[in-house]
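Coordinates as given in coords.cif (mmCIF, C-alpha atoms (C1' of nucleotides)):
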```cif
data_final
loop_
_atom_site.label_atom_id
_atom_site.label_comp_id
_atom_site.auth_asym_id
_atom_site.auth_seq_id
_atom_site.Cartn_x
_atom_site.Cartn_y
_atom_site.Cartn_z
CA MET B 1 22.73 5.53 0.30
CA ALA B 2 19.62 7.42 1.18
CA ILE B 3 19.61 11.15 0.73
CA ALA B 4 20.12 13.00 3.98
CA TRP B 5 17.26 15.46 4.44
CA GLU B 6 17.09 17.97 7.20
CA GLY B 7 13.75 16.96 8.60
CA ASN B 8 10.89 14.73 7.69
CA ALA B 9 11.15 13.54 4.12
CA TYR B 10 10.07 10.64 1.99
CA ASP B 11 12.76 8.00 2.09
CA PRO B 12 12.18 4.53 0.62
CA GLU B 13 14.82 3.14 2.98
CA CYS B 14 13.26 4.53 6.14
CA PRO B 15 12.54 1.51 8.37
CA THR B 16 8.93 2.49 8.90
CA ARG B 17 8.53 2.92 5.14
CA VAL B 18 9.99 -0.52 4.47
CA VAL B 19 7.62 -2.14 6.95
CA LEU B 20 4.59 -0.24 5.70
CA ASP B 21 5.37 -1.33 2.15
CA ARG B 22 5.74 -4.86 3.42
CA ILE B 23 2.47 -5.13 5.35
CA GLY B 24 0.50 -2.58 3.34
CA ASP B 25 -0.12 -4.90 0.44
CA LYS B 26 -3.29 -6.83 -0.01
CA TRP B 27 -2.40 -10.25 1.31
CA THR B 28 0.66 -10.22 3.58
CA VAL B 29 -1.10 -9.78 6.90
CA LEU B 30 -3.70 -12.39 6.08
CA ILE B 31 -1.02 -14.87 5.14
CA ILE B 32 1.09 -14.46 8.25
CA GLU B 33 -2.02 -14.74 10.38
CA VAL B 34 -2.95 -17.99 8.71
CA LEU B 35 0.58 -19.27 9.29
CA ASP B 36 0.47 -18.17 12.92
CA ALA B 37 -1.73 -21.20 13.52
CA GLY B 38 1.01 -23.48 12.25
CA PRO B 39 2.72 -24.58 9.02
CA ARG B 40 0.46 -24.75 6.01
CA ARG B 41 0.66 -26.05 2.47
CA PHE B 42 0.23 -23.85 -0.58
CA ASN B 43 -3.36 -24.79 -1.26
CA GLU B 44 -4.25 -24.73 2.41
CA ILE B 45 -3.22 -21.10 2.55
CA ARG B 46 -5.00 -20.34 -0.67
CA LEU B 47 -8.26 -21.90 0.46
CA ALA B 48 -8.01 -20.43 3.96
CA ILE B 49 -7.79 -16.94 2.53
CA GLY B 50 -10.10 -17.21 -0.42
CA GLY B 51 -9.99 -14.95 -3.43
CA ILE B 52 -6.25 -14.97 -3.99
CA THR B 53 -5.00 -16.36 -7.29
CA PRO B 54 -2.13 -18.84 -7.38
CA LYS B 55 0.10 -16.34 -9.13
CA VAL B 56 -0.34 -13.65 -6.52
CA LEU B 57 -0.05 -16.12 -3.66
CA THR B 58 3.18 -17.44 -5.12
CA SER B 59 4.73 -14.01 -5.51
CA THR B 60 3.65 -12.89 -2.05
CA LEU B 61 5.01 -16.05 -0.46
CA ARG B 62 8.27 -15.65 -2.37
CA SER B 63 8.78 -12.11 -1.17
CA LEU B 64 7.85 -13.05 2.39
CA ALA B 65 10.44 -15.80 2.24
CA ALA B 66 12.99 -13.43 0.74
CA ASP B 67 12.44 -11.08 3.67
CA GLY B 68 12.90 -13.93 6.10
CA LEU B 69 9.40 -13.68 7.53
CA ILE B 70 8.49 -17.19 6.44
CA VAL B 71 10.38 -20.25 5.30
CA ARG B 72 9.47 -22.44 2.39
CA GLU B 73 10.13 -26.13 2.62
CA ALA B 74 9.65 -28.35 -0.40
CA PHE B 75 9.47 -32.10 0.07
CA GLY B 76 10.72 -34.17 -2.83
CA GLU B 77 7.53 -36.07 -3.35
CA VAL B 78 5.17 -36.82 -6.16
CA PRO B 79 2.78 -35.13 -6.17
CA PRO B 80 4.73 -32.20 -4.72
CA ARG B 81 4.24 -31.05 -1.15
CA VAL B 82 5.40 -27.63 -0.03
CA GLU B 83 5.02 -26.16 3.43
CA TYR B 84 5.31 -22.63 4.62
CA ARG B 85 5.90 -21.63 8.23
CA LEU B 86 6.56 -18.42 10.12
CA THR B 87 10.05 -17.55 11.28
CA ASP B 88 10.53 -15.93 14.69
CA LEU B 89 10.91 -12.66 12.83
CA GLY B 90 7.62 -13.19 11.07
CA ARG B 91 5.87 -14.11 14.26
CA SER B 92 7.23 -11.05 16.04
CA LEU B 93 5.69 -8.87 13.35
CA LEU B 94 2.29 -9.93 14.60
CA GLU B 95 2.78 -7.85 17.76
CA PRO B 96 2.76 -4.37 16.18
CA VAL B 97 0.11 -5.62 13.78
CA ALA B 98 -2.02 -6.54 16.78
CA ALA B 99 -1.59 -3.01 18.12
CA LEU B 100 -2.74 -1.69 14.78
CA ARG B 101 -5.69 -4.04 14.82
CA GLN B 102 -6.74 -2.89 18.26
CA TRP B 103 -6.66 0.73 17.17
CA ALA B 104 -8.54 -0.23 14.01
CA GLU B 105 -11.30 -2.06 15.84
CA ARG B 106 -11.76 0.80 18.26
CA ASN B 107 -11.79 3.56 15.66
CA VAL B 108 -12.90 2.22 12.31
CA ALA B 109 -16.54 3.01 13.01
CA GLU B 110 -15.69 6.67 13.51
CA ILE B 111 -13.61 6.74 10.34
CA GLU B 112 -16.34 5.11 8.31
CA GLY B 113 -18.88 7.52 9.75
CA ASN B 114 -16.69 10.46 8.82
CA ARG B 115 -16.22 9.08 5.34
CA ASN B 116 -19.93 8.73 4.78
CA SER B 117 -20.59 12.24 6.05
CA ALA B 118 -17.90 13.64 3.78
CA GLU B 119 -19.37 11.81 0.82
CA ALA B 120 -22.81 13.13 1.65
CA VAL B 121 -21.43 16.66 1.62
CA ALA B 122 -19.57 16.10 -1.63
CA THR B 123 -22.67 14.90 -3.46
CA ARG B 124 -25.07 17.42 -1.92
CA MET H 1 -22.64 -5.88 4.08
CA ALA H 2 -19.41 -7.77 4.07
CA ILE H 3 -19.48 -11.38 3.09
CA ALA H 4 -19.32 -13.68 6.08
CA TRP H 5 -16.50 -16.14 5.60
CA GLU H 6 -15.84 -19.00 7.90
CA GLY H 7 -12.31 -18.16 8.78
CA ASN H 8 -9.65 -15.80 7.58
CA ALA H 9 -10.56 -14.14 4.31
CA TYR H 10 -9.88 -11.00 2.40
CA ASP H 11 -12.45 -8.41 3.36
CA PRO H 12 -12.13 -4.77 2.29
CA GLU H 13 -14.24 -3.76 5.27
CA CYS H 14 -12.15 -5.53 7.87
CA PRO H 15 -11.01 -2.83 10.30
CA THR H 16 -7.38 -3.82 10.01
CA ARG H 17 -7.69 -3.74 6.24
CA VAL H 18 -9.21 -0.26 6.31
CA VAL H 19 -6.41 1.05 8.49
CA LEU H 20 -3.68 -0.64 6.46
CA ASP H 21 -5.10 0.89 3.31
CA ARG H 22 -5.19 4.23 5.05
CA ILE H 23 -1.61 4.29 6.35
CA GLY H 24 -0.10 2.05 3.71
CA ASP H 25 -0.01 4.71 1.07
CA LYS H 26 3.08 6.69 0.30
CA TRP H 27 2.50 9.93 2.20
CA THR H 28 -0.09 9.57 4.98
CA VAL H 29 2.24 8.72 7.85
CA LEU H 30 4.69 11.45 6.90
CA ILE H 31 1.91 14.01 6.81
CA ILE H 32 0.40 13.16 10.17
CA GLU H 33 3.85 13.18 11.73
CA VAL H 34 4.51 16.64 10.33
CA LEU H 35 1.17 17.79 11.73
CA ASP H 36 1.94 16.23 15.10
CA ALA H 37 4.29 19.18 15.68
CA GLY H 38 1.37 21.57 15.24
CA PRO H 39 -0.88 23.06 12.57
CA ARG H 40 0.78 23.65 9.23
CA ARG H 41 -0.07 25.40 6.00
CA PHE H 42 -0.23 23.62 2.65
CA ASN H 43 3.19 24.67 1.45
CA GLU H 44 4.75 24.15 4.85
CA ILE H 45 3.69 20.51 4.69
CA ARG H 46 4.85 20.20 1.12
CA LEU H 47 8.29 21.62 1.84
CA ALA H 48 8.66 19.71 5.11
CA ILE H 49 8.11 16.44 3.29
CA GLY H 50 9.86 17.12 0.02
CA GLY H 51 9.17 15.27 -3.19
CA ILE H 52 5.40 15.33 -3.03
CA THR H 53 3.58 17.13 -5.84
CA PRO H 54 0.76 19.58 -5.12
CA LYS H 55 -1.77 17.30 -6.75
CA VAL H 56 -0.90 14.32 -4.63
CA LEU H 57 -0.64 16.37 -1.46
CA THR H 58 -4.07 17.84 -2.13
CA SER H 59 -5.71 14.49 -2.67
CA THR H 60 -4.04 12.94 0.38
CA LEU H 61 -5.03 15.85 2.60
CA ARG H 62 -8.58 15.65 1.28
CA SER H 63 -8.92 11.99 2.09
CA LEU H 64 -7.34 12.47 5.51
CA ALA H 65 -9.88 15.19 6.22
CA ALA H 66 -12.69 13.01 4.92
CA ASP H 67 -11.63 10.30 7.36
CA GLY H 68 -11.61 12.81 10.20
CA LEU H 69 -7.91 12.40 10.91
CA ILE H 70 -7.15 16.03 10.15
CA VAL H 71 -9.18 19.22 9.80
CA ARG H 72 -8.79 21.78 7.07
CA GLU H 73 -9.34 25.42 7.95
CA ALA H 74 -9.39 28.05 5.20
CA PHE H 75 -9.07 31.69 6.18
CA GLY H 76 -10.77 34.11 3.84
CA GLU H 77 -7.68 36.12 3.09
CA VAL H 78 -5.81 37.30 0.03
CA PRO H 79 -3.46 35.65 -0.61
CA PRO H 80 -5.18 32.51 0.66
CA ARG H 81 -4.15 30.85 3.89
CA VAL H 82 -5.17 27.30 4.72
CA GLU H 83 -4.17 25.37 7.79
CA TYR H 84 -4.29 21.68 8.51
CA ARG H 85 -4.23 20.23 12.00
CA LEU H 86 -4.57 16.79 13.55
CA THR H 87 -7.79 15.73 15.19
CA ASP H 88 -7.67 13.67 18.37
CA LEU H 89 -8.43 10.67 16.21
CA GLY H 90 -5.50 11.48 13.96
CA ARG H 91 -3.18 11.98 16.88
CA SER H 92 -4.22 8.69 18.45
CA LEU H 93 -3.25 6.90 15.26
CA LEU H 94 0.35 7.83 15.99
CA GLU H 95 0.44 5.35 18.87
CA PRO H 96 0.12 2.11 16.87
CA VAL H 97 2.28 3.70 14.20
CA ALA H 98 4.95 4.23 16.83
CA ALA H 99 4.74 0.56 17.77
CA LEU H 100 5.21 -0.30 14.13
CA ARG H 101 8.16 2.07 13.92
CA GLN H 102 9.81 0.47 16.92
CA TRP H 103 9.50 -2.95 15.40
CA ALA H 104 10.76 -1.57 12.10
CA GLU H 105 13.83 0.03 13.61
CA ARG H 106 14.70 -3.12 15.49
CA ASN H 107 14.21 -5.50 12.59
CA VAL H 108 14.69 -3.72 9.30
CA ALA H 109 18.39 -4.55 9.21
CA GLU H 110 17.59 -8.25 9.37
CA ILE H 111 14.97 -7.91 6.66
CA GLU H 112 17.29 -5.98 4.38
CA GLY H 113 20.01 -8.54 5.00
CA ASN H 114 17.66 -11.36 4.10
CA ARG H 115 16.56 -9.52 0.99
CA ASN H 116 20.11 -9.04 -0.20
CA SER H 117 20.96 -12.68 0.43
CA ALA H 118 17.88 -13.79 -1.46
CA GLU H 119 18.78 -11.54 -4.38
CA ALA H 120 22.32 -12.87 -4.38
CA VAL H 121 20.95 -16.41 -4.62
CA ALA H 122 18.52 -15.44 -7.38
CA THR H 123 21.24 -13.91 -9.55
CA ARG H 124 23.88 -16.50 -8.86
"C1'" DC W 1 -0.08 -30.25 -6.35
"C1'" DC W 2 2.42 -26.38 -7.00
"C1'" DG W 3 3.33 -23.53 -9.39
"C1'" DC W 4 4.98 -20.49 -14.18
"C1'" DA W 5 3.90 -17.68 -18.61
"C1'" DT W 6 1.33 -14.38 -20.69
"C1'" DC W 7 -1.72 -10.82 -21.15
"C1'" DC W 8 -4.55 -7.32 -19.20
"C1'" DG W 9 -7.14 -3.53 -16.52
"C1'" DA W 10 -7.33 -0.39 -12.78
"C1'" DA W 11 -5.32 2.74 -9.81
"C1'" DA W 12 -1.66 5.21 -7.48
"C1'" DG W 13 1.40 8.43 -8.09
"C1'" DG W 14 4.23 11.91 -10.86
"C1'" DA W 15 5.51 15.95 -14.48
"C1'" DT W 16 4.20 20.00 -16.07
"C1'" DA W 17 1.58 23.93 -16.78
"C1'" DC W 18 -1.99 26.89 -15.42
"C1'" DT W 19 -5.63 29.63 -12.22
"C1'" DG W 20 -8.66 32.21 -8.48
"C1'" DC Z 1 -0.69 30.82 -1.73
"C1'" DA Z 2 -3.17 27.05 -2.55
"C1'" DG Z 3 -4.56 24.61 -5.27
"C1'" DT Z 4 -6.51 22.51 -10.70
"C1'" DA Z 5 -6.07 20.38 -15.17
"C1'" DT Z 6 -3.91 17.11 -18.29
"C1'" DC Z 7 -1.26 13.71 -19.51
"C1'" DC Z 8 1.68 9.96 -18.49
"C1'" DT Z 9 4.38 5.97 -16.30
"C1'" DT Z 10 4.63 2.45 -13.14
"C1'" DT Z 11 2.98 -1.04 -10.28
"C1'" DC Z 12 -0.29 -4.25 -8.24
"C1'" DG Z 13 -3.18 -7.54 -8.71
"C1'" DG Z 14 -6.30 -10.52 -11.59
"C1'" DA Z 15 -7.69 -13.97 -15.56
"C1'" DT Z 16 -6.49 -17.70 -18.02
"C1'" DG Z 17 -3.95 -21.50 -19.63
"C1'" DC Z 18 0.07 -24.61 -19.48
"C1'" DG Z 19 4.01 -27.48 -17.30
"C1'" DG Z 20 7.04 -30.51 -14.10
#
```
Produce structure tokens that represent the structure in this file.
Amino acid sequence: MAIAWEGNAYDPECPTRVVLDRIGDKWTVLIIEVLDAGPRRFNEIRLAIGGITPKVLTSTLRSLAADGLIVREAFGEVPPRVEYRLTDLGRSLLEPVAALRQWAERNVAEIEGNRNSAEAVATR
Amino acid sequence: MAIAWEGNAYDPECPTRVVLDRIGDKWTVLIIEVLDAGPRRFNEIRLAIGGITPKVLTSTLRSLAADGLIVREAFGEVPPRVEYRLTDLGRSLLEPVAALRQWAERNVAEIEGNRNSAEAVATR
DNA sequence: CCGCATCCGAAAGGATACTG
DNA sequence: CAGTATCCTTTCGGATGCGG
């Protein structure tokens, strides 16, 4: 059980924390957005994203499946064929992500500008 | 300049990526939520959160200030007094975060359940 | 084709002690 | 009070090569 703090404390079981850990990694959001267009095979996902190694793609897909955000379906064929598709849960996650994206697109320029100014000050 | 991919690719400069990197760390969301209640001093933030070390709090506050999400105000007093407060930009970030929190609170039970089932299968 | 095994480097975060 | 300075552990992700 999580420790009961009085106020606002770090808690790895806090729902918001769990979700941030889930979508805060490098590839999760990209993957579910690829799968939003429909079921995709392993190498289709890999090529659609670009830059992800098979190992990392495998582990990310496994954890997404473990969380019930996607399902993995392996067809008993030779050569193997494996498809991944979003669950309803996974698809519903795209809504708050879209809200985040909207905020990001509206405000990232200001953040980047601030960052550059701060860097200029730091190196002055 | 960011590389121009055809479709959906990893891009460290993608606005959504920038924001996920910003709020995906361990302490940022907790800090801005503490500051949403009003300006706070360094140790007030530290004690309100609990478990964060001075070093990590310092570096997180610095980067938040560099991004323009908070402002740092040092009063020339002895002993020192330093206050941190949200900017409008920082406060506006709480809106998409709230959307994420709502989704999290509604769905984290299902995710945790799926995780436990998956683990049970893995260790069976 | 779809992975797994192994090794590795970088970076985030933490423990502890100290300072202006 | 508000940080710094070191040192350290853990974790994420990447590179490469092999296997069913």
Given the PyMOL selection byres ((chain W and resi 5) around 8) and the file above, list the residues it selects as a ChimeraX atom specification. /W:4,6 /Z:18
Taking all atoms listed in the file into account, produce a table as a Markdown table in which each residue of chain Z with an atom at most 12 Å from an atom of chain B appears once, together with its shortest atom pair and the distance in Å to one decimal, ordered by chain and rising number.
```
| residue | atom | partner | partner_atom | distance |
| --- | --- | --- | --- | --- |
| Z:DT11 | C1' | B:Asp25 | CA | 11.8 |
| Z:DC12 | C1' | B:Asp25 | CA | 8.7 |
| Z:DG13 | C1' | B:Val56 | CA | 7.1 |
| Z:DG14 | C1' | B:Thr53 | CA | 7.4 |
| Z:DA15 | C1' | B:Thr53 | CA | 9.0 |
| Z:DT16 | C1' | B:Thr53 | CA | 10.9 |
| Z:DG20 | C1' | B:Pro80 | CA | 9.8 |
```
Applied to this file, what does the PyMOL selection byres ((chain B) within 6 of (chain H)) return in terms of residues, put as an NGL selection string? :B and (8-9 or 15-16 or 20 or 24 or 49-50 or 66-68 or 96 or 99-101 or 104-105 or 108 or 111 or 114-115 or 118)
Spell out the residues picked by the PyMOL selection byres ((chain B) within 9 of (chain W)) here, as an mmCIF file with C-alpha atoms, keeping the file's coordinate frame.
```cif
data_model
loop_
_atom_site.group_PDB
_atom_site.id
_atom_site.type_symbol
_atom_site.label_atom_id
_atom_site.label_comp_id
_atom_site.auth_asym_id
_atom_site.auth_seq_id
_atom_site.Cartn_x
_atom_site.Cartn_y
_atom_site.Cartn_z
ATOM 1 C CA PHE B 42 0.230 -23.850 -0.580
ATOM 2 C CA ASN B 43 -3.360 -24.790 -1.260
ATOM 3 C CA PRO B 54 -2.130 -18.840 -7.380
ATOM 4 C CA LYS B 55 0.100 -16.340 -9.130
ATOM 5 C CA THR B 58 3.180 -17.440 -5.120
ATOM 6 C CA VAL B 78 5.170 -36.820 -6.160
ATOM 7 C CA PRO B 79 2.780 -35.130 -6.170
ATOM 8 C CA PRO B 80 4.730 -32.200 -4.720
ATOM 9 C CA ARG B 81 4.240 -31.050 -1.150
ATOM 10 C CA VAL B 82 5.400 -27.630 -0.030
#
```
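What separates atom CA of Leu35 of chain H from atom CA of Arg85 of chain H is a distance of 5.9 Å.
Picture a line from atom CA of Ile70 of chain H to atom CA of Pro39 of chain H; it runs 9.7 Å.
Separating atom CA of Phe75 of chain B from atom C1' of DG19 of chain Z is a distance of 18.8 Å.
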Once 5 Å is added on each side, what centre and edge lengths in Å to one decimal does the axis-aligned box around all listed atoms of segment 5-13 of chain W have, as JSON?
```
{"center_x": -1.7, "center_y": -4.6, "center_z": -14.3, "size_x": 21.2, "size_y": 36.1, "size_z": 23.7}
```
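Restricting the calculation to all atoms listed in the file, the smallest distance between DG3 of chain Z and any of H:Leu61, H:Leu86, H:Val71, H:Ile32 is found for H:Leu61.
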